[in-house]
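Student: Quick one: the structure is below, and I'll ask about it shortly.
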Amino acid sequence: MEEILKHDELSIEKSRPGRRGIRFAAVQKHAAQYLPAQYLRSAAPRLPELGEFETVRHFTRLSQLNYCLDGQFYPLGSCTMKYNPKAYDALSALPGFTQAHPFAPESAVQGTLEMLYRLQELLKEVTGLAAFTLQPAAGAQGELTGILTARAYHDARKDFKRTEVIVPDTAHGTNPATANMAGYTVVNIQSAPDGCVDKEALKNALSERTAVVMLTVPNTVGLFEKDIREIADMVHKAGALFYMDGANFNALIGAAKPADFGADLMHLNLHKTFAAPHGGGGPGSGPVGAAAHVAPFLPKPMVELKNGKYTLSGKMPKSLGKMKAFFGNIAVCLRGYCYLRQFDGRTLKEVAENAVLNANYVRAALKGRFNAYFDAVCMHECVLSLNPAEMNGVHASDVAKRLLDYGFYAPTIYFPLIVPEAMMIEPTETESKEMLDAFISAMEKIYAEIQSEPQTVKDAPHGQCVSRIDEVSAARQPNLRW
């Protein structure tokens with residue numbers, strides 16, 4: 001460990017006076033011609049002084065310390081860290097897209113507008129919904145767009161008494177936050193023992209005050225809501241709208257259309273289902289689709305095709321307005337468009353089938369060691385649960401940290417909150433059987449360690465550049481600077 005830490009000194013610690021990679025002529029005297037004296041430095045800034053070779057090695061080494069999708073398996077539940085084809089990166093970097101100015105006239109960006117229009121049409125096709133807006137730059141903003149669209153719908157009907165949004169406890173955590181941000185009162189309902197919506201609890205929560213019921217499908221415990229059509233009917237009978245969180249759509253794409261479930265609104269995460277992984281916090285894109293009776297209230301403008309030309313239509317009198325300056329995240333929209341063009345109906349269905357198959361393969365292989373909290377066929381992810389009392393005091397966080405030593409990124413842990421000691425594992429549809437077998441083997445080895453030498457797991461990780469930290473002290477006394 002000492003060798004690794006010494007090798008990983010900060011660049012300022014490796015600095016030696018006088019070392020340079022490239023030399024520039026002194027600019028201080030020339031700067032005085034353009035800047036007032038009080039804004040000029042009196043002393044040189046303290047920056048690392050390194051040769052080019054040292055600099056390249058330093059940053060290459062740092063990159064090797066990072067876990068990334070190009071190097072390791074990411075079993076990160078609910079985040080769909082699947083492979084992003086390099087061809088899409090190249091296409092999204094074409095100058096015709098990247099150098100287009102946001103204020104460019106429509107005549108100068110017909111190619112971009114055509115791509116956006118075709119993407120809207122493809123999203124309508126795979127969901128069965130009547131219209132899509134591509135403005136939202138993230139899934140959470142897509143949720144907010146959907147809820148504000150629902151508010152505009154109810155307001156247009158002068159149905160102002162609808163002040164509540166019902167959210168099951170198996171929803172994505174952003175759902176209640178979104179409803180609250182939109183000014184609604186959040187009504188949380190507990191799930192049934194099988195992990196799906198408790199229809200009796202939903203029946204009791206529905207009223208003339210209900211504006212929207214937000215349902216994550218598949219939900220965060222990885223299960224499909226088996227009574228979804230009946231649930232949609234209950235929601236509509238109460239005069240409310242059914243909003244479907246489609247962040248997990250890779251388990252359904254090509255196999256089912258949310259419009260057939262009765263969804264009035266839904267968002268999709270292009271940066272998850274449609275091949276643009278959002279590790280590191282970005283980039284994102286969360287298009288929102290709507291059924292015909294709600295579509296007029298979506299944000300404007302939308303891309304339309306008129307007389308052979310693509311144009312942004314602002315003639316939407318019932319629209320809630322704009323949700324984002326300019327027009328969405330073009331680079332991620334382009335990746336999503338490429339993804340959909342690569343497949344047809346049959347192969348899109350195979351995407352969903354493989355996502356479900358891979359998750360259930362992991363779930364079944366680990367049964368008896370790490371068991372699923374809900375013992376049922378799952379969809380895109382399996383949620384395992386540990387009982388520390390039966391695991392020699394080992395917790396989910398210990399297993400996650402030990403996985404790092406075996407070369408795998410840790411799964412999502414302690415979420416969803418309704419599962420004790422949760423480990424949420426999503427293999428995605430793009431991982432091979434060989435990779436899944438390697439992951440399963442690592443988990444089996446960790447299970448064996450828990451039985452014979454649990455302290456090894458409790459002290460993990462052992463082979464990383466940073467060992468286990470005192471998390472309590474780190475939270476109370478964070479060291480935020482060098």
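In the structure tokens, chains take the letters A, B, ... in the order shown, each chain's residues start at 1, and ligands count up from 1 in the order shown.
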If we count only C-alpha atoms and set the cut-off at 8 Å, which residues sit around A:Ala240, ignoring sequence neighbours fewer than 3 positions away in its own chain? Please answer as JSON, numbers by chain.

Tutor: {"A": [210, 211, 212, 213, 235, 236, 237]}

Student: Just write the chosen residues, N, CA and C atoms, as a compact mmCIF listing (two decimals), in the first residue's frame.

Tutor:
# COMPACT_ATOMS: atom_id res chain seq x y z
N THR A 210 -56.73 13.74 -5.94
CA THR A 210 -55.60 13.12 -6.63
C THR A 210 -55.41 13.71 -8.02
N ALA A 211 -54.25 14.23 -8.27
CA ALA A 211 -53.92 14.76 -9.60
C ALA A 211 -53.21 13.72 -10.45
N VAL A 212 -52.24 13.03 -9.85
CA VAL A 212 -51.40 12.09 -10.59
C VAL A 212 -51.05 10.91 -9.69
N VAL A 213 -50.95 9.75 -10.27
CA VAL A 213 -50.33 8.60 -9.62
C VAL A 213 -49.06 8.29 -10.39
N VAL A 235 -57.02 4.65 -11.47
CA VAL A 235 -56.54 6.03 -11.51
C VAL A 235 -57.45 6.89 -12.38
N HIS A 236 -57.78 6.38 -13.57
CA HIS A 236 -58.61 7.15 -14.49
C HIS A 236 -60.04 7.31 -13.96
N LYS A 237 -60.54 6.29 -13.30
CA LYS A 237 -61.89 6.38 -12.73
C LYS A 237 -61.96 7.48 -11.68

Student: Compile the contact shell of A:Ile450 as a list in words: residues with an atom at most 9 Å away, counting only C-alpha atoms, same-chain residues fewer than 6 positions apart removed.

Tutor: Met391, Asn392, Gly393, Val394, Thr456, Val457 and Lys458 of chain A

Student: Store the residues picked out above in a file with C-alpha atoms, as a short mmCIF file (atom, residue, chain, number, x, y, z; two decimals), in the first residue's frame.

Tutor:
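Contents of again.cif, as written:
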data_model
loop_
_atom_site.label_atom_id
_atom_site.label_comp_id
_atom_site.auth_asym_id
_atom_site.auth_seq_id
_atom_site.Cartn_x
_atom_site.Cartn_y
_atom_site.Cartn_z
CA MET A 391 -23.50 -13.52 7.86
CA ASN A 392 -21.06 -13.24 10.79
CA GLY A 393 -21.85 -9.54 11.10
CA VAL A 394 -21.01 -8.72 7.47
CA THR A 456 -11.26 -10.01 5.55
CA VAL A 457 -14.56 -8.81 4.11
CA LYS A 458 -15.16 -6.32 6.93
#

Student: Just checking: using only C-alpha atoms, which residue out of A:Phe103, A:Cys68, A:Ile253, A:Pro48 ends up closest to A:Arg346?

Tutor: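 Closest to A:Arg346 of all the choices is A:Ile253.
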
Student: Find the residues around A:Met423 up to 7 Å (only C-alpha atoms counted), leave out those fewer than 2 positions away in its own chain, and share them as a list in words.

Tutor: Val383, Leu384, Ser385, Ala396, Pro411, Thr412, Ile413, Tyr414, Glu421 and Ile425 of chain A

Student: Run DSSP on the backbone and give me the residues of stretch 222-453 of chain A it puts in alpha helix (DSSP H), as a PyMOL selection string.

Tutor: chain A and resi 228-237+258-261+330-342+345-366+396-405+433-452

Student: So the first atom is atom CA of A:Ala31 and the second is atom CA of A:Gly18; what is the distance between them in Å, to one decimal place?

Tutor: 22.8 Å

Student: Residues within 8 Å of A:Ser319, please, as JSON, numbers by chain. Count only C-alpha atoms; anything in the same chain fewer than 4 positions from it doesn't count.

Tutor: {"A": [149, 152, 296, 297, 298, 299, 300]}

Student: State, in Å with one decimal place, the distance from atom CA of A:Phe160 to atom CA of A:His267.

Tutor: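 Computing the Euclidean distance for atom CA of A:Phe160 and atom CA of A:His267 yields 24.2 Å.
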
Student: Using only C-alpha atoms, determine which residues lie at most 8 Å from A:Thr178, disregarding the query and same-chain residues fewer than 6 positions distant; provide the list as number ranges by chain.

Tutor: A: 140, 143-144, 147

Student: With N, CA, C and O atoms retained, export the selected residues as a CSV table (one decimal), in the first residue's frame.

Tutor:
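Dumped everything to again.csv:
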chain,number,residue,atom,x,y,z
A,140,ALA,N,-34.8,13.4,-14.1
A,140,ALA,CA,-35.5,14.1,-13.0
A,140,ALA,C,-36.2,15.3,-13.6
A,140,ALA,O,-37.4,15.7,-13.2
A,143,GLU,N,-39.3,14.1,-15.3
A,143,GLU,CA,-40.4,13.9,-14.3
A,143,GLU,C,-41.1,15.2,-14.0
A,143,GLU,O,-42.3,15.3,-14.0
A,144,LEU,N,-40.3,16.3,-13.7
A,144,LEU,CA,-40.9,17.6,-13.5
A,144,LEU,C,-41.7,18.1,-14.7
A,144,LEU,O,-42.8,18.6,-14.5
A,147,ILE,N,-45.1,16.2,-14.6
A,147,ILE,CA,-46.0,16.6,-13.5
A,147,ILE,C,-46.5,18.0,-13.8
A,147,ILE,O,-47.7,18.3,-13.6

Student: Within 7 Å of A:Met323, counting only C-alpha atoms, which residues qualify if same-chain residues fewer than 3 places away don't, as a ChimeraX atom specification?

Tutor: /A:135-136,145,299

Student: Which residues come within 10 Å of A:Gly128, counting only C-alpha atoms, excluding same-chain residues fewer than 5 positions away, as a list in words?

Tutor: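 Listing them by chain and then by number gives Leu122, Leu123, Ala256, Lys257, Pro258, Ala259, Asp260, Phe261, Ala263, Gly289, Ala290 and Ala291 of chain A.
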
Student: Would you please give, as a list of chain:residue names, all residues of stretch 349-443 of chain A that DSSP assigns to strand (DSSP E or B) based on the backbone?

Tutor: A:Asn371, A:Ala372, A:Cys382, A:Val383, A:Leu384, A:Ser385, A:Thr412, A:Ile413, A:Ala422, A:Met423, A:Met424, A:Ile425

Student: Please, what distance in Å, to one decimal, runs between atom CA of A:His271 and atom CA of A:Asn329?

Tutor: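 Interatomic distance, atom CA of A:His271 to atom CA of A:Asn329: 10.2 Å.
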